[in-house]
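Engineer: So that you have it, the file is entry29.txt, and it contains compact mmCIF, C-alpha atoms:
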```txt
# COMPACT_ATOMS: atom_id res chain seq x y z
CA MET A 1 22.73 18.52 -8.00
CA ASN A 2 23.81 16.57 -11.05
CA GLU A 3 27.48 17.54 -10.89
CA LEU A 4 29.86 14.61 -11.19
CA GLY A 5 31.14 13.59 -7.77
CA MET A 6 28.65 15.73 -5.84
CA ILE A 7 26.90 14.00 -2.93
CA SER A 8 23.44 15.39 -2.28
CA LEU A 9 22.35 15.82 1.33
CA ALA A 10 19.18 17.71 0.38
CA GLY A 11 16.74 14.89 1.07
CA GLY A 12 18.48 13.50 4.12
CA LEU A 13 18.36 10.01 2.60
CA PRO A 14 19.84 7.29 4.82
CA HIS A 15 22.36 4.95 3.24
CA PRO A 16 20.87 1.49 2.43
CA SER A 17 23.56 -0.14 4.56
CA ALA A 18 21.74 1.30 7.59
CA PHE A 19 18.54 -0.58 6.77
CA PRO A 20 18.08 -3.51 9.21
CA TYR A 21 16.79 -5.95 6.58
CA SER A 22 18.97 -7.84 4.13
CA SER A 23 16.24 -9.84 2.34
CA LEU A 24 12.61 -10.94 2.55
CA GLN A 25 11.22 -14.36 1.68
CA LEU A 26 7.46 -14.65 1.12
CA GLN A 27 4.94 -17.32 0.16
CA VAL A 28 1.70 -16.14 -1.43
CA TYR A 29 -1.28 -17.83 -3.05
CA SER A 30 -0.83 -18.41 -6.77
CA PRO A 31 -3.23 -16.52 -9.08
CA LYS A 32 -5.11 -19.79 -9.74
CA ALA A 33 -5.33 -20.88 -6.11
CA ALA A 34 -8.81 -21.78 -4.86
CA ALA A 35 -8.92 -20.83 -1.19
CA THR A 36 -12.11 -22.42 0.12
CA PRO A 37 -12.95 -21.79 3.80
CA GLY A 38 -12.71 -25.01 5.81
CA SER A 39 -11.03 -26.94 3.01
CA THR A 40 -8.06 -29.18 3.88
CA ASN A 41 -6.86 -29.41 0.28
CA PRO A 42 -3.36 -28.01 -0.31
CA ILE A 43 -3.26 -24.54 -1.85
CA SER A 44 -0.85 -23.69 -4.63
CA LEU A 45 1.80 -21.25 -3.40
CA VAL A 46 4.38 -19.02 -5.07
CA ASP A 47 7.75 -18.17 -3.50
CA ILE A 48 8.82 -14.53 -3.68
CA SER A 49 12.16 -13.11 -2.60
CA LEU A 50 13.15 -9.48 -2.22
CA GLU A 51 16.84 -8.67 -1.88
CA LYS A 52 18.43 -5.52 -0.48
CA HIS A 53 20.01 -4.54 -3.79
CA SER A 54 18.52 -4.81 -7.26
CA SER A 55 19.86 -7.16 -9.92
CA PRO A 56 18.82 -8.25 -13.42
CA ASP A 57 16.65 -10.93 -11.80
CA HIS A 58 15.28 -8.65 -9.07
CA THR A 59 14.43 -5.18 -10.35
CA ASN A 60 12.66 -4.34 -7.08
CA SER A 61 14.83 -4.10 -3.99
CA LEU A 62 14.64 -3.29 -0.29
CA SER A 63 17.09 -0.43 -0.76
CA VAL A 64 14.40 1.29 -2.84
CA ALA A 65 11.31 0.06 -0.97
CA LEU A 66 12.62 1.19 2.44
CA GLN A 67 13.96 4.52 1.19
CA TYR A 68 12.16 7.85 1.24
CA GLY A 69 10.17 8.20 -1.95
CA VAL A 70 8.37 10.83 -3.98
CA SER A 71 4.84 12.02 -3.24
CA ARG A 72 3.47 10.04 -6.19
CA GLY A 73 4.49 6.78 -4.51
CA SER A 74 6.46 3.79 -5.71
CA LYS A 75 7.34 4.11 -9.38
CA SER A 76 7.20 0.36 -10.00
CA LEU A 77 3.84 -0.01 -8.26
CA ALA A 78 2.42 2.99 -10.11
CA ALA A 79 3.60 1.53 -13.43
CA LEU A 80 2.00 -1.82 -12.58
CA LEU A 81 -1.33 -0.22 -11.69
CA TYR A 82 -1.25 2.07 -14.72
CA ASP A 83 -0.91 -0.98 -16.95
CA PHE A 84 -3.64 -2.75 -14.95
CA VAL A 85 -6.05 0.13 -15.55
CA LYS A 86 -5.17 0.12 -19.24
CA ARG A 87 -5.80 -3.61 -19.69
CA VAL A 88 -8.71 -4.19 -17.31
CA LEU A 89 -10.66 -0.95 -16.91
CA ARG A 90 -9.76 0.28 -20.42
CA PRO A 91 -10.33 4.06 -20.25
CA ALA A 92 -11.73 5.62 -23.40
CA TYR A 93 -8.74 7.96 -23.64
CA SER A 94 -4.98 7.53 -23.50
CA ASP A 95 -3.91 10.51 -21.37
CA TYR A 96 -5.35 9.21 -18.10
CA GLU A 97 -3.47 9.36 -14.80
CA ILE A 98 -3.55 7.31 -11.61
CA PHE A 99 -2.51 8.08 -8.06
CA LEU A 100 -1.77 5.76 -5.18
CA HIS A 101 -3.67 5.96 -1.91
CA LEU A 102 -4.23 4.06 1.33
CA GLY A 103 -7.77 2.94 0.50
CA ASN A 104 -10.97 4.22 -1.08
CA THR A 105 -11.96 6.46 1.83
CA ASP A 106 -8.50 8.04 1.81
CA ALA A 107 -8.79 8.54 -1.96
CA TRP A 108 -12.24 10.10 -1.58
CA ASN A 109 -10.82 12.44 1.06
CA LYS A 110 -8.19 13.58 -1.44
CA VAL A 111 -10.83 14.09 -4.14
CA VAL A 112 -13.00 16.21 -1.84
CA ASN A 113 -10.07 18.37 -0.77
CA LEU A 114 -9.00 18.79 -4.39
CA LEU A 115 -12.36 19.56 -5.99
CA CYS A 116 -14.53 21.07 -3.25
CA GLU A 117 -14.63 24.31 -1.32
CA PRO A 118 -16.25 24.83 2.08
CA GLY A 119 -20.02 24.95 1.73
CA ASP A 120 -20.19 23.12 -1.61
CA TYR A 121 -22.98 20.67 -2.36
CA ILE A 122 -22.07 17.11 -3.39
CA LEU A 123 -24.43 14.81 -5.30
CA VAL A 124 -24.90 11.42 -3.62
CA GLU A 125 -27.26 8.46 -3.74
CA GLU A 126 -30.21 8.96 -1.39
CA TYR A 127 -28.82 6.12 0.74
CA THR A 128 -25.09 6.70 0.78
CA TYR A 129 -21.99 5.34 2.46
CA PRO A 130 -21.71 6.96 5.94
CA SER A 131 -17.92 7.23 5.92
CA ALA A 132 -18.12 9.22 2.69
CA GLN A 133 -20.18 11.84 4.52
CA ALA A 134 -17.66 11.96 7.36
CA VAL A 135 -15.07 13.19 4.85
CA TRP A 136 -16.92 16.25 3.59
CA ALA A 137 -18.82 17.21 6.75
CA PRO A 138 -15.83 18.90 8.47
CA MET A 139 -15.46 21.14 5.41
CA GLY A 140 -19.05 22.32 5.73
CA CYS A 141 -20.00 20.59 2.48
CA ARG A 142 -23.50 19.18 2.15
CA GLY A 143 -24.86 16.08 0.47
CA VAL A 144 -27.62 16.37 -2.11
CA PRO A 145 -29.39 12.97 -2.25
CA VAL A 146 -30.59 11.70 -5.63
CA SER A 147 -33.40 9.14 -5.87
CA ILE A 148 -32.45 5.53 -6.62
CA ASP A 149 -34.14 2.28 -7.57
CA LYS A 150 -32.87 -1.30 -7.77
CA ASP A 151 -30.50 -0.27 -10.59
CA GLY A 152 -28.99 2.73 -8.82
CA ILE A 153 -29.46 6.47 -9.32
CA LEU A 154 -32.49 7.47 -11.39
CA PRO A 155 -31.13 9.46 -14.36
CA LYS A 156 -34.29 11.54 -14.78
CA ALA A 157 -34.24 12.50 -11.11
CA LEU A 158 -30.60 13.58 -11.46
CA GLU A 159 -31.31 15.61 -14.58
CA ARG A 160 -34.34 17.28 -13.04
CA LEU A 161 -32.43 18.14 -9.88
CA LEU A 162 -29.56 19.75 -11.80
CA GLY A 163 -31.80 21.44 -14.35
CA ASP A 164 -33.98 23.06 -11.68
CA TRP A 165 -31.14 23.92 -9.31
CA GLU A 166 -30.82 27.64 -10.02
CA GLN A 167 -34.57 28.10 -9.87
CA VAL A 168 -35.05 26.10 -6.67
CA HIS A 169 -31.83 27.31 -4.99
CA PRO A 170 -31.13 30.81 -6.37
CA GLY A 171 -27.72 32.17 -5.52
CA THR A 172 -26.39 28.73 -4.54
CA LYS A 173 -23.62 27.16 -6.60
CA ARG A 174 -24.82 24.09 -8.45
CA PRO A 175 -23.16 20.80 -7.44
CA HIS A 176 -20.24 19.85 -9.66
CA LEU A 177 -19.23 16.52 -8.05
CA LEU A 178 -21.12 13.21 -7.97
CA TYR A 179 -20.11 10.50 -5.47
CA ILE A 180 -21.45 7.09 -6.47
CA VAL A 181 -20.89 3.43 -5.54
CA LEU A 182 -21.49 1.40 -8.70
CA THR A 183 -21.25 -2.22 -7.56
CA GLY A 184 -22.71 -3.59 -4.34
CA GLN A 185 -23.76 -0.12 -3.23
CA VAL A 186 -23.60 0.51 0.51
CA PRO A 187 -26.08 0.17 2.15
CA THR A 188 -28.63 -0.97 -0.49
CA GLY A 189 -26.51 -3.58 -2.29
CA SER A 190 -27.68 -2.36 -5.71
CA THR A 191 -25.49 -2.46 -8.82
CA LEU A 192 -25.77 0.30 -11.40
CA SER A 193 -27.13 -0.96 -14.72
CA LEU A 194 -25.37 -0.22 -18.01
CA GLN A 195 -28.30 1.90 -19.18
CA HIS A 196 -28.20 3.98 -16.01
CA LYS A 197 -24.42 4.41 -16.37
CA GLU A 198 -24.73 5.76 -19.91
CA GLU A 199 -27.58 8.12 -19.04
CA ILE A 200 -25.88 9.41 -15.88
CA TYR A 201 -22.64 10.00 -17.78
CA ASN A 202 -24.40 12.03 -20.47
CA ILE A 203 -26.23 14.10 -17.84
CA CYS A 204 -22.98 14.84 -16.02
CA VAL A 205 -21.36 15.91 -19.29
CA LYS A 206 -24.31 18.23 -19.94
CA PHE A 207 -24.09 19.89 -16.52
CA ASP A 208 -20.28 19.73 -16.16
CA VAL A 209 -20.35 17.36 -13.18
CA ILE A 210 -17.29 15.30 -12.23
CA ILE A 211 -18.09 11.65 -11.43
CA CYS A 212 -16.20 9.99 -8.59
CA GLU A 213 -16.75 6.23 -8.65
CA ASP A 214 -16.15 4.47 -5.34
CA ASN A 215 -16.02 0.93 -6.71
CA PRO A 216 -14.20 -1.41 -4.29
CA TYR A 217 -16.44 -4.36 -5.21
CA TYR A 218 -15.87 -4.13 -8.97
CA PHE A 219 -14.61 -7.71 -9.24
CA LEU A 220 -17.33 -9.25 -7.08
CA GLN A 221 -20.49 -10.78 -8.48
CA ILE A 222 -23.33 -9.22 -6.49
CA PRO A 223 -26.64 -11.14 -6.67
CA ASN A 224 -29.99 -9.62 -5.85
CA TYR A 225 -30.72 -9.37 -2.14
CA VAL A 226 -33.18 -11.97 -0.89
CA PRO A 227 -34.89 -11.66 2.53
CA PRO A 228 -34.00 -14.50 4.93
CA SER A 229 -37.54 -15.87 4.83
CA ASP A 230 -37.48 -16.19 1.04
CA ARG A 231 -33.91 -17.22 0.30
CA ASN A 232 -34.84 -20.73 -0.79
CA THR A 233 -37.72 -19.71 -3.01
CA THR A 234 -37.24 -16.37 -4.78
CA GLY A 235 -34.61 -14.00 -6.06
CA GLU A 236 -36.22 -10.73 -5.05
CA SER A 237 -34.13 -7.64 -4.49
CA MET A 238 -34.21 -5.65 -1.27
CA PHE A 239 -36.40 -3.03 -2.95
CA SER A 240 -40.14 -3.42 -2.82
CA ALA A 241 -42.19 -3.72 -5.99
CA GLU A 242 -43.30 -0.13 -5.48
CA ASP A 243 -39.70 1.07 -5.34
CA GLU A 244 -38.72 -0.92 -8.41
CA HIS A 245 -41.44 0.63 -10.55
CA ILE A 246 -41.19 4.32 -9.72
CA ASP A 247 -42.62 6.46 -12.49
CA ASP A 248 -39.80 8.83 -13.42
CA ASP A 249 -42.34 11.11 -15.09
CA ASP A 250 -44.24 11.56 -11.82
CA GLU A 251 -42.66 14.83 -10.72
CA ASP A 252 -44.23 14.75 -7.27
CA GLU A 253 -42.95 11.24 -6.56
CA VAL A 254 -39.43 11.96 -7.79
CA GLY A 255 -39.34 15.29 -5.99
CA HIS A 256 -40.55 13.69 -2.77
CA ARG A 257 -37.90 10.98 -2.91
CA ALA A 258 -35.12 13.35 -3.99
CA TRP A 259 -34.52 14.57 -0.46
CA GLN A 260 -34.89 11.23 1.31
CA ILE A 261 -31.87 9.84 3.12
CA ARG A 262 -31.92 6.66 5.18
CA GLY A 263 -35.71 6.68 5.45
CA GLN A 264 -36.09 10.35 6.45
CA VAL A 265 -37.58 13.04 4.24
CA PHE A 266 -36.31 16.62 4.08
CA ASP A 267 -37.60 19.72 2.36
CA CYS A 268 -34.22 21.04 1.27
CA PRO A 269 -30.53 20.08 1.13
CA ASP A 270 -29.83 22.20 4.20
CA GLU A 271 -31.91 19.87 6.33
CA ALA A 272 -30.53 16.75 4.69
CA ALA A 273 -27.00 17.94 5.43
CA ARG A 274 -27.63 17.91 9.17
CA LEU A 275 -27.46 14.10 9.28
```
Please, can you express the file's structure as structure tokens?
Structural biologist:
Amino acid sequence: MNELGMISLAGGLPHPSAFPYSSLQLQVYSPKAAATPGSTNPISLVDISLEKHSSPDHTNSLSVALQYGVSRGSKSLAALLYDFVKRVLRPAYSDYEIFLHLGNTDAWNKVVNLLCEPGDYILVEEYTYPSAQAVWAPMGCRGVPVSIDKDGILPKALERLLGDWEQVHPGTKRPHLLYIVLTGQVPTGSTLSLQHKEEIYNICVKFDVIICEDNPYYFLQIPNYVPPSDRNTTGESMFSAEDEHIDDDDEDEVGHRAWQIRGQVFDCPDEAARL
């Protein structure tokens, strides 16, 4: 394939001259643009051009963008996002990897197919994102709801659930995957506190559980939910005072809430999975 003068027909790649576009001209908002709904003030724009063939001034080109690519996606986009993760999310290790996807639900679908087998149990918040369930349901996987409060999953409830799993569910494989929405959780709107994050991470390390963070609202500032009738007077969250002060040491209370999804209570994960 690398012989001098050899033309490879293996991939069936069309010649760039057959592509119907010669260039693209775009105008996009500048990074500092303030796009306020209803405002008539001019918005700062940036001109972007994309030519068919690359040059020193245009390393990206239509001849590459419109061509068949590898399964890992665009190399230039992957490099950009890899650097973004390094500078913004700052993983605690250097040998991390990224992969491109069509959106968070598509990415979650790939994670489930990669890490789960039919019939597996998946740890989720007791009120969880419905589309996430639609991904694992066809595989026969089942959600195991974990109690939450205004700051997200209750670490002690998670630890108790995993620690008692073999005793409560003998012969059933313990869950090894946690699906969690950290910021602006759907549907509760809660944001996981730093303390909860640290405790949940340590518990997952202890029980060898992989954490999958569905975090599309990472860059949004999510305030506490305030009921319509109180929005001009208080800053209360959507959780009641009783919910916000659950006693984690009350085994009956935690156990009762552990199998509650969307306001319904179940005696075991088999019943919860029927939703």
Engineer: List the spatial neighbours of Thr188 in chain A as a list in words - criterion: any atom at most 8 Å away, only C-alpha atoms, same-chain residues fewer than 2 positions off excluded.
Structural biologist: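 Selected residues are Tyr127, Gly184, Gln185, Val186, Ser190 and Met238 of chain A.
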Engineer: How many Å lie between CA of Leu66 in chain A and CA of Pro216 in chain A, rounded to one decimal?
Structural biologist: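 Value for the CA of Leu66 in chain A-CA of Pro216 in chain A distance: 27.8 Å.
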Engineer: Could you check which of A:Leu4, A:Val88, A:Leu123, A:Leu102 is closest to Cys204 in chain A, using all atoms listed in the file?
Structural biologist: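 Of the candidates, the smallest distance to Cys204 in chain A is held by A:Leu123.
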Engineer: Given all atoms listed in the file as the basis, pick out the residue of A:Tyr29, A:Thr36, A:Arg87, A:Pro16 nearest to Glu51 in chain A.
Structural biologist: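 Nearest candidate to Glu51 in chain A out of A:Tyr29, A:Thr36, A:Arg87, A:Pro16: A:Pro16.
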Engineer: Would you kindly return, as a list in words, each protein, DNA or RNA residue with an atom no farther than 7 Å from any atom of range 132-137 of chain A, considering only C-alpha atoms and excluding same-chain residues fewer than 3 positions away?
Structural biologist: Thr105, Asn109, Val112, Tyr129, Gly140, Cys141 and Arg142 of chain A
Engineer: Work out how far CA of Glu159 in chain A is from CA of Ile203 in chain A, in Å to one decimal.
Structural biologist: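 Here the two named atoms are 6.2 Å from each other.
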Engineer: If you measure from CA of Leu24 in chain A to CA of Ala107 in chain A, what distance in Å do you get, rounded to one decimal?
Structural biologist: 29.3 Å
Engineer: Which residue, A:Ala65, A:Leu182, A:Leu13, A:Val168, has the smallest gap to His196 in chain A when you use all atoms listed in the file?
Structural biologist: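 Answer, going by the shortest atom-to-atom distance: A:Leu182.
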Engineer: Emit as JSON the padded axis-aligned box for all listed atoms of range 196-207 of chain A, 5 Å per side, with centre and edge lengths in Å to one decimal.
Structural biologist:
```
{"center_x": -24.8, "center_y": 11.9, "center_z": -18.2, "size_x": 16.8, "size_y": 25.9, "size_z": 14.6}
```
Engineer: Find the spatial neighbours of Ser30 in chain A, counting only C-alpha atoms, within a cut-off of 10 Å - ignore same-chain residues fewer than 3 positions away - and output them as a VMD selection string.
Structural biologist: chain A and resid 27 33 to 34 43 to 47
Engineer: May I have the selected residues written with C-alpha atoms, as a short mmCIF file (atom, residue, chain, number, x, y, z; two decimals), keeping the file's coordinate frame?
Structural biologist:
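Generated file (selection.cif):
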```
data_model
loop_
_atom_site.label_atom_id
_atom_site.label_comp_id
_atom_site.auth_asym_id
_atom_site.auth_seq_id
_atom_site.Cartn_x
_atom_site.Cartn_y
_atom_site.Cartn_z
CA GLN A 27 4.94 -17.32 0.16
CA ALA A 33 -5.33 -20.88 -6.11
CA ALA A 34 -8.81 -21.78 -4.86
CA ILE A 43 -3.26 -24.54 -1.85
CA SER A 44 -0.85 -23.69 -4.63
CA LEU A 45 1.80 -21.25 -3.40
CA VAL A 46 4.38 -19.02 -5.07
CA ASP A 47 7.75 -18.17 -3.50
#
```
Engineer: Rank nothing, just name the residue among A:Val64, A:Ala18, A:Val28, A:Val146 nearest to Arg160 in chain A, using only C-alpha atoms.
Structural biologist: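 Smallest separation from Arg160 in chain A among the options: A:Val146.
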Engineer: Pick out the closest residue to Tyr96 in chain A from this set: A:Glu117, A:Tyr82, A:Trp108, A:His176. Count all atoms listed in the file.
Structural biologist: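 Checking each candidate against Tyr96 in chain A, we get A:Tyr82 as the closest.
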Engineer: Which residue gives the smallest distance to Leu81 in chain A among A:Ala157, A:Leu115, A:Ile98, A:Leu26, with all atoms listed in the file counted?
Structural biologist: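 Closest to Leu81 in chain A, using all atoms listed in the file: A:Ile98.
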Engineer: Residues at most 12 Å from Lys52 in chain A, counting only C-alpha atoms, excluding those fewer than 5 positions away in the same chain, as a ChimeraX atom specification?
Structural biologist: /A:15-25,58-67
Engineer: So that I can check the surroundings of Glu213 in chain A, please list as a list of chain:residue names every protein, DNA and RNA residue that reaches within 7 Å of it, counting all atoms listed in the file and ignoring chain neighbours fewer than 6 positions away.
Structural biologist: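 So, after excluding close chain neighbours, the residues are A:Tyr179, A:Ile180, A:Val181, A:Leu182.
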